[in-house]
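Asker: The structure is given below, and queries will be raised subsequently.
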There are 2 protein chains.
Amino acid sequence: MTRPPLRLGIAGLGTVGTGVLAILQRHGALLAARAGRPVEPVAVSARDRTRDRGVSLDGLAWEDDPVALARRPDVDVFVEVIGGHEGAARAAVEAAIDAGKDVVTANKALLAHHGHALALAAEAKGHVIRFEAAVAGGIPVIKTLTEGLAANEVTRVLGVMNGTCNYILTRMEEAGLPYETVFEEARALGYLEADPRLDVDGIDAGHKLSLLAAIAFGTEVSFDAVELEGIGSVTIEDIRRAGDMGYRIKLLGVAQMTGRGLEQRMQPCLVPATSPLGQLSGGTNMVVIEGDSAGQIVLRGAGAGAGPTASAVLGDVIDIARGVRIPTFGRPASSLRRARPARGAVAAPYYLRLDLVDKPGALAKVARVLGDAGISIDRMRQYGHAEAATAPVLIVTHRTTRLALDEALGGMAETGVVEGRPVALRIEAV
Amino acid sequence: MTRPPLRLGIAGLGTVGTGVLAILQRHGALLAARAGRPVEPVAVSARDRTRDRGVSLDGLAWEDDPVALARRPDVDVFVEVIGGHEGAARAAVEAAIDAGKDVVTANKALLAHHGHALALAAEAKGHVIRFEAAVAGGIPVIKTLTEGLAANEVTRVLGVMNGTCNYILTRMEEAGLPYETVFEEARALGYLEADPRLDVDGIDAGHKLSLLAAIAFGTEVSFDAVELEGIGSVTIEDIRRAGDMGYRIKLLGVAQMTGRGLEQRMQPCLVPATSPLGQLSGGTNMVVIEGDSAGQIVLRGAGAGAGPTASAVLGDVIDIARGVRIPTFGRPASSLRRARPARGAVAAPYYLRLDLVDKPGALAKVARVLGDAGISIDRMRQYGHAEAATAPVLIVTHRTTRLALDEALGGMAETGVVEGRPVALRIEAV
């Protein structure tokens, strides 16, 4: 072993930071053999110096301020596992870049908001930012997209990237429980972020999608252009009805380059129950990358947790130790294009559920409104309604645009035979 | 673009070689943007210069002899897609290494037989050999294992790595056809290698498994130590009976480091029908990597074909263009250990099917033989047998060793109540 050690400064000693230290302590020799040189933590930073984290901090320098840690001359790689897109995390990563360090981060929010500027700054100094742990935990999806599939024009990236939402939807289906009940269960189990909207409103998953889209399509990260819709409006009734039609409901992220621009959506969608995405239950993540040569590549694994996330952080660190120096988004940040955001550019079939008033000719009126909007019906089911004044009707349309669908939904309100607002969910072909 | 082009010499213009040229011609600018420099084919070699391959060879130098191609001074990277573990492929790769070139190959047989020696030779010269395309086609499984999961102690690698065998088993199940019929169908469809034993005897998949095991466990490639069993003896009856018990039969490769040494098996196994491996149908490949930190990572995609394989070849080429220089098996070849081969070291449950003679006390005799071998029964089913003199009996055992099982199978032959040789298939937990 003639090459000098790679020295790490680790900012943040929560689940991930302590997970990183634990692996370094357990597998030091293995990592050195694979990296071709020792990988050594030299200094750490966190809020509370006295807390027992279950790993030894012996021999590690302590900094109260992560910015000071980022500037230490004995640190080669700054590992940021603090979290949050402003405040300490941002200041420290900026300081590390300014001080000429390589950066490894698990912070999807930081990169979704400031990734382009940070990549430009790092590349101007000849340094790298790596973020495998920011997307889909232990699954090497950034590496697969940036490196493994680098010879492909990517046609679509999609996936289930928030384990908590997938847990909630799976649990609703399996236990027949309403959203609110399962949400509280998930909170009690500690599955939710401190601000649960990050999970259930799709923000966290939207951050991840925007990073994948930047690599896949060579565009500047544009999280603001992600169409976001959370899972709070998904009902147990829709989960069951969708199941009747052979589908499962997932919080699905989809990024696709279209003739009209870049479409990025994070929303509840129906997927075939027999597809790999449809069969994904519980807190697991799955990312599907479609390349023009490789075809469809599916990656599945744990999307969160100390072990998987620390595994991803140290995968990046080992790459740096091995001398791998690839631009943050797979090509120089200065060459990334600013994508025109496209909404509703990609046509798809839709699932519609509506409550039909029990009057003669009611169904014909609904069918006519769809026909007038140019939407044809693939399948329809009307359910029995006993004593109720309305009957549930399910419709699966053929491929249509969101624009035509919105026109039809507006028309339905005027028919006088549809009670309330119909539920409309996209069906994603996978 | 200030860096000089990376110049490729491509030996072999079959499906993969022409696929590589097609991508280079279609996506030259995209690849250059990602690689940070142009990637340019400069010379090619194949058997027949006149054949129309559907891609232009304009501007490319031609060499009749791949060894001469490997030695050309204008070639930086030698791309070997000839195939075969001796002859032209071996001679040309050895010549390329000798001439100080980096090598990218899709040749699993060559590396399974000579990978250790070739890696030693390349590393002595400071050059790299990359082989993503050799395992599971377009799925970046070598990269995932070598780089993405580099911080993990790998506990097990397993998967379905021969699409043709999976096609045959799936088709037998779905169409209810016997092995021989589906084998001939597959041959007519061009799915089989020129020597079909490479597919159906598990040799091709065994080559791949031995390469994964070397990376996963830091051991010298030892294909000779792979326990090989093909799919020729799998019957439609076992596929159906296994289905009754909730399993599917797959040609499954499993590599695992045990206290007694390295176990490498490629054999028909039962897996739960609801598991990702159980749900894999047709020609698709799936590799599962289990790491002590990352947990279970599942990769799925096309395991063969021009596009997927060329995608993998060029992923490796782009890595080289980007300056990535990682040892062939993830650590210096000189540091790989010679693994002690272990057979039957890992206990597992087994599926047994036997034909029981219709005599009082027959089942008790079988149960006693199992008990005497220390094997306990998890589930048992005896089927009706109408007019036949024997009744089919299915047994799912609890975990047992292959040694105990062989003892029991020997004992059964002596009971006089079991007709013929029982079928015994391992059940792999996934």
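Within each chain, counting starts at residue 1; across the structure tokens, chains are named A, B, ... in the order shown, with ligands numbered 1 upward in that order.
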For a quick test of understanding: name the residues of chain A lying within 7 Å of chain B when counting only C-alpha atoms, and present them as a PyMOL selection string.
Answerer: chain A and resi 31+33-34+138-140+143-144+147-152+293-302+307-308+311-312+314-315+319+322-324+326+330-331
Asker: Could you go through stretch 284-400 of chain B and tell me which residues DSSP, when run on the backbone, assigns to strand (DSSP E), listing them as a count of residues only?
Answerer: 38
Asker: When you draw a straight line from atom CA of A:Val160 to atom CA of A:Thr258, how long is it in Å?
Answerer: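 Computing it gives 21.4 Å between the two atoms.
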Asker: Report the closest atom pair, with its distance in Å rounded to one decimal, for each residue of stretch 125-193 of chain B that has an atom no farther than 9 Å from stretch 80-104 of chain B; count only C-alpha atoms, sort by chain and then rising residue number, and write it as a Markdown table.
Answerer:
```
| residue | atom | partner | partner_atom | distance |
| --- | --- | --- | --- | --- |
| B:Lys125 | CA | B:Gly100 | CA | 6.5 |
| B:Gly126 | CA | B:Gly100 | CA | 8.0 |
| B:His127 | CA | B:Asp102 | CA | 5.3 |
| B:Val128 | CA | B:Asp102 | CA | 5.1 |
| B:Ile129 | CA | B:Val103 | CA | 4.7 |
| B:Arg130 | CA | B:Val104 | CA | 4.8 |
| B:Phe131 | CA | B:Val104 | CA | 5.8 |
| B:Glu132 | CA | B:Val104 | CA | 8.3 |
| B:Ala133 | CA | B:Val104 | CA | 8.7 |
```
Asker: For those residues, write N, CA and C atoms to a file as a PDB file, in the first residue's frame.
Answerer:
```
ATOM      1  N   LYS B 125       1.330  -4.212 -16.476  1.00  0.00           N
ATOM      2  CA  LYS B 125       1.639  -3.159 -17.447  1.00  0.00           C
ATOM      3  C   LYS B 125       0.884  -1.864 -17.154  1.00  0.00           C
ATOM      4  N   GLY B 126       0.080  -1.857 -16.088  1.00  0.00           N
ATOM      5  CA  GLY B 126      -0.683  -0.653 -15.769  1.00  0.00           C
ATOM      6  C   GLY B 126      -1.899  -0.465 -16.663  1.00  0.00           C
ATOM      7  N   HIS B 127      -2.383  -1.544 -17.240  1.00  0.00           N
ATOM      8  CA  HIS B 127      -3.553  -1.425 -18.115  1.00  0.00           C
ATOM      9  C   HIS B 127      -4.746  -2.184 -17.555  1.00  0.00           C
ATOM     10  N   VAL B 128      -5.918  -1.832 -18.070  1.00  0.00           N
ATOM     11  CA  VAL B 128      -7.128  -2.410 -17.497  1.00  0.00           C
ATOM     12  C   VAL B 128      -7.824  -3.334 -18.494  1.00  0.00           C
ATOM     13  N   ILE B 129      -8.542  -4.291 -17.923  1.00  0.00           N
ATOM     14  CA  ILE B 129      -9.451  -5.148 -18.689  1.00  0.00           C
ATOM     15  C   ILE B 129     -10.839  -4.931 -18.098  1.00  0.00           C
ATOM     16  N   ARG B 130     -11.792  -4.602 -18.925  1.00  0.00           N
ATOM     17  CA  ARG B 130     -13.158  -4.416 -18.436  1.00  0.00           C
ATOM     18  C   ARG B 130     -14.092  -5.368 -19.178  1.00  0.00           C
ATOM     19  N   PHE B 131     -15.145  -5.829 -18.501  1.00  0.00           N
ATOM     20  CA  PHE B 131     -15.958  -6.914 -19.106  1.00  0.00           C
ATOM     21  C   PHE B 131     -17.424  -6.852 -18.704  1.00  0.00           C
ATOM     22  N   GLU B 132     -17.965  -5.639 -18.591  1.00  0.00           N
ATOM     23  CA  GLU B 132     -19.385  -5.517 -18.231  1.00  0.00           C
ATOM     24  C   GLU B 132     -20.275  -6.363 -19.130  1.00  0.00           C
ATOM     25  N   ALA B 133     -19.975  -6.386 -20.425  1.00  0.00           N
ATOM     26  CA  ALA B 133     -20.837  -7.086 -21.385  1.00  0.00           C
ATOM     27  C   ALA B 133     -20.776  -8.599 -21.239  1.00  0.00           C
TER      28      ALA B 133
END
```
Asker: Between A:Ala389, A:Asp64, A:Lys365, A:Ile239, which is the closest to A:Glu414 once you count only C-alpha atoms?
Answerer: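 Using only C-alpha atoms, A:Glu414 sits closest to A:Lys365.
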Asker: Which of stretch 294-409 of chain B counts as helix (DSSP H, G or I) under DSSP, as a VMD selection string please?
Answerer: chain B and resid 306 to 321 333 to 335 362 to 372 402 to 409
Asker: For A:Phe217, find every residue with an atom within 9 Å (counting only C-alpha atoms), except residues of its own chain fewer than 2 positions away, and show them as number ranges by chain.
Answerer: A: 153-155, 212-215, 219-220, 256-257, 262, 336-337, 339
Asker: In Å to one decimal, how far is atom CA of B:Ala345 from atom CA of B:Leu169?
Answerer: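 Taking atom CA of B:Leu169 and atom CA of B:Ala345, their separation equals 27.1 Å.
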Asker: Just the number, please: distance in Å from atom CA of B:Arg51 to atom CA of B:Ala68, one decimal.
Answerer: 20.5 Å
Asker: Near stretch 179-189 of chain A, within 10 Å and counting only C-alpha atoms, which residues show up once chain neighbours fewer than 2 positions away are dropped, as a PyMOL selection string?
Answerer: chain A and resi 164-165+167-173+175-177+191-194+196+200+231-236
Asker: Please identify all polymer residues within 12 Å of stretch 398-404 of chain A, counting only C-alpha atoms, omitting same-chain residues fewer than 4 positions from it, and present them as an MDAnalysis selection string.
Answerer: chainID A and resid 342:352 369:380 408:411 424:429
Asker: Counting only C-alpha atoms, figure out which residue out of A:Val417, A:Val271, A:Glu237, A:Gln25 gets nearest to A:Ala367.
Answerer: A:Val417
Asker: What lies within 10 Å of stretch 202-205 of chain B using only C-alpha atoms, ignoring chain neighbours under 6 positions off, as a list in words?
Answerer: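 Result of the neighbour search: Lys108, Ala109, Ala112, Ala134, Val135, Ala136, Gly159, Val160, Met161, Asn162, Gly163, Cys165, Glu193, Pro196, Phe223, Val226, Glu227, Leu228, Glu229, Gly230, Ile231, Gly232, Leu251, Leu252, Gly253, Arg265, Met266, Gln267 and Pro268 of chain B.
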Asker: Keeping only N, CA and C atoms, take the residues you just selected and write them out as an mmCIF file, in the first residue's frame.
Answerer:
```
data_model
loop_
_atom_site.group_PDB
_atom_site.id
_atom_site.type_symbol
_atom_site.label_atom_id
_atom_site.label_comp_id
_atom_site.auth_asym_id
_atom_site.auth_seq_id
_atom_site.Cartn_x
_atom_site.Cartn_y
_atom_site.Cartn_z
ATOM 1 N N LYS B 108 -17.142 -13.952 -21.741
ATOM 2 C CA LYS B 108 -17.197 -14.591 -20.419
ATOM 3 C C LYS B 108 -16.357 -15.860 -20.355
ATOM 4 N N ALA B 109 -16.353 -16.618 -21.471
ATOM 5 C CA ALA B 109 -15.598 -17.883 -21.467
ATOM 6 C C ALA B 109 -14.107 -17.611 -21.297
ATOM 7 N N ALA B 112 -13.497 -16.506 -17.733
ATOM 8 C CA ALA B 112 -13.732 -17.580 -16.760
ATOM 9 C C ALA B 112 -12.546 -18.543 -16.744
ATOM 10 N N ALA B 134 -19.816 -9.088 -20.471
ATOM 11 C CA ALA B 134 -19.672 -10.542 -20.342
ATOM 12 C C ALA B 134 -20.727 -11.148 -19.421
ATOM 13 N N VAL B 135 -21.322 -10.340 -18.575
ATOM 14 C CA VAL B 135 -22.285 -10.854 -17.594
ATOM 15 C C VAL B 135 -23.596 -10.081 -17.690
ATOM 16 N N ALA B 136 -24.662 -10.796 -17.992
ATOM 17 C CA ALA B 136 -26.021 -10.238 -17.949
ATOM 18 C C ALA B 136 -26.210 -9.056 -18.910
ATOM 19 N N GLY B 159 -28.562 -15.428 -9.195
ATOM 20 C CA GLY B 159 -29.365 -14.900 -10.279
ATOM 21 C C GLY B 159 -29.612 -15.842 -11.421
ATOM 22 N N VAL B 160 -30.450 -15.344 -12.298
ATOM 23 C CA VAL B 160 -30.775 -16.018 -13.545
ATOM 24 C C VAL B 160 -29.968 -15.321 -14.619
ATOM 25 N N MET B 161 -28.972 -16.003 -15.174
ATOM 26 C CA MET B 161 -27.992 -15.343 -16.029
ATOM 27 C C MET B 161 -27.938 -15.930 -17.428
ATOM 28 N N ASN B 162 -28.864 -16.809 -17.740
ATOM 29 C CA ASN B 162 -28.934 -17.314 -19.113
ATOM 30 C C ASN B 162 -30.381 -17.190 -19.569
ATOM 31 N N GLY B 163 -30.620 -16.217 -20.428
ATOM 32 C CA GLY B 163 -31.980 -15.923 -20.873
ATOM 33 C C GLY B 163 -32.611 -17.081 -21.622
ATOM 34 N N CYS B 165 -32.195 -20.337 -21.163
ATOM 35 C CA CYS B 165 -32.720 -21.335 -20.223
ATOM 36 C C CYS B 165 -33.996 -20.825 -19.557
ATOM 37 N N GLU B 193 -26.994 -21.106 -28.480
ATOM 38 C CA GLU B 193 -25.620 -21.007 -28.968
ATOM 39 C C GLU B 193 -25.395 -22.105 -30.015
ATOM 40 N N PRO B 196 -25.335 -25.865 -28.193
ATOM 41 C CA PRO B 196 -26.401 -25.556 -27.222
ATOM 42 C C PRO B 196 -26.080 -25.984 -25.797
ATOM 43 N N PHE B 223 -13.665 -21.112 -12.359
ATOM 44 C CA PHE B 223 -14.816 -21.703 -13.047
ATOM 45 C C PHE B 223 -14.873 -23.214 -12.835
ATOM 46 N N VAL B 226 -17.125 -24.491 -10.148
ATOM 47 C CA VAL B 226 -18.574 -24.281 -10.177
ATOM 48 C C VAL B 226 -19.277 -25.626 -10.333
ATOM 49 N N GLU B 227 -20.186 -25.912 -9.423
ATOM 50 C CA GLU B 227 -21.003 -27.114 -9.518
ATOM 51 C C GLU B 227 -22.047 -26.877 -10.609
ATOM 52 N N LEU B 228 -21.970 -27.625 -11.681
ATOM 53 C CA LEU B 228 -22.826 -27.360 -12.847
ATOM 54 C C LEU B 228 -23.890 -28.432 -13.016
ATOM 55 N N GLU B 229 -25.126 -27.983 -13.225
ATOM 56 C CA GLU B 229 -26.199 -28.928 -13.534
ATOM 57 C C GLU B 229 -27.145 -28.213 -14.481
ATOM 58 N N GLY B 230 -27.404 -28.768 -15.618
ATOM 59 C CA GLY B 230 -28.225 -28.102 -16.621
ATOM 60 C C GLY B 230 -29.707 -28.305 -16.407
ATOM 61 N N ILE B 231 -30.498 -27.826 -17.382
ATOM 62 C CA ILE B 231 -31.951 -27.892 -17.238
ATOM 63 C C ILE B 231 -32.553 -29.083 -17.986
ATOM 64 N N GLY B 232 -31.701 -29.905 -18.615
ATOM 65 C CA GLY B 232 -32.202 -31.003 -19.447
ATOM 66 C C GLY B 232 -33.049 -32.007 -18.691
ATOM 67 N N LEU B 251 -33.065 -21.917 -13.584
ATOM 68 C CA LEU B 251 -31.636 -22.252 -13.579
ATOM 69 C C LEU B 251 -30.944 -21.127 -12.819
ATOM 70 N N LEU B 252 -30.586 -21.420 -11.579
ATOM 71 C CA LEU B 252 -30.147 -20.374 -10.677
ATOM 72 C C LEU B 252 -28.664 -20.540 -10.361
ATOM 73 N N GLY B 253 -27.929 -19.445 -10.487
ATOM 74 C CA GLY B 253 -26.538 -19.434 -10.062
ATOM 75 C C GLY B 253 -26.446 -18.816 -8.682
ATOM 76 N N ARG B 265 -22.623 -22.590 -7.315
ATOM 77 C CA ARG B 265 -23.541 -23.579 -7.890
ATOM 78 C C ARG B 265 -24.318 -22.967 -9.032
ATOM 79 N N MET B 266 -24.505 -23.726 -10.095
ATOM 80 C CA MET B 266 -25.402 -23.331 -11.181
ATOM 81 C C MET B 266 -26.292 -24.530 -11.432
ATOM 82 N N GLN B 267 -27.530 -24.452 -10.997
ATOM 83 C CA GLN B 267 -28.378 -25.634 -11.062
ATOM 84 C C GLN B 267 -29.850 -25.236 -11.030
ATOM 85 N N PRO B 268 -30.727 -26.101 -11.518
ATOM 86 C CA PRO B 268 -32.151 -25.814 -11.399
ATOM 87 C C PRO B 268 -32.546 -25.794 -9.921
#
```
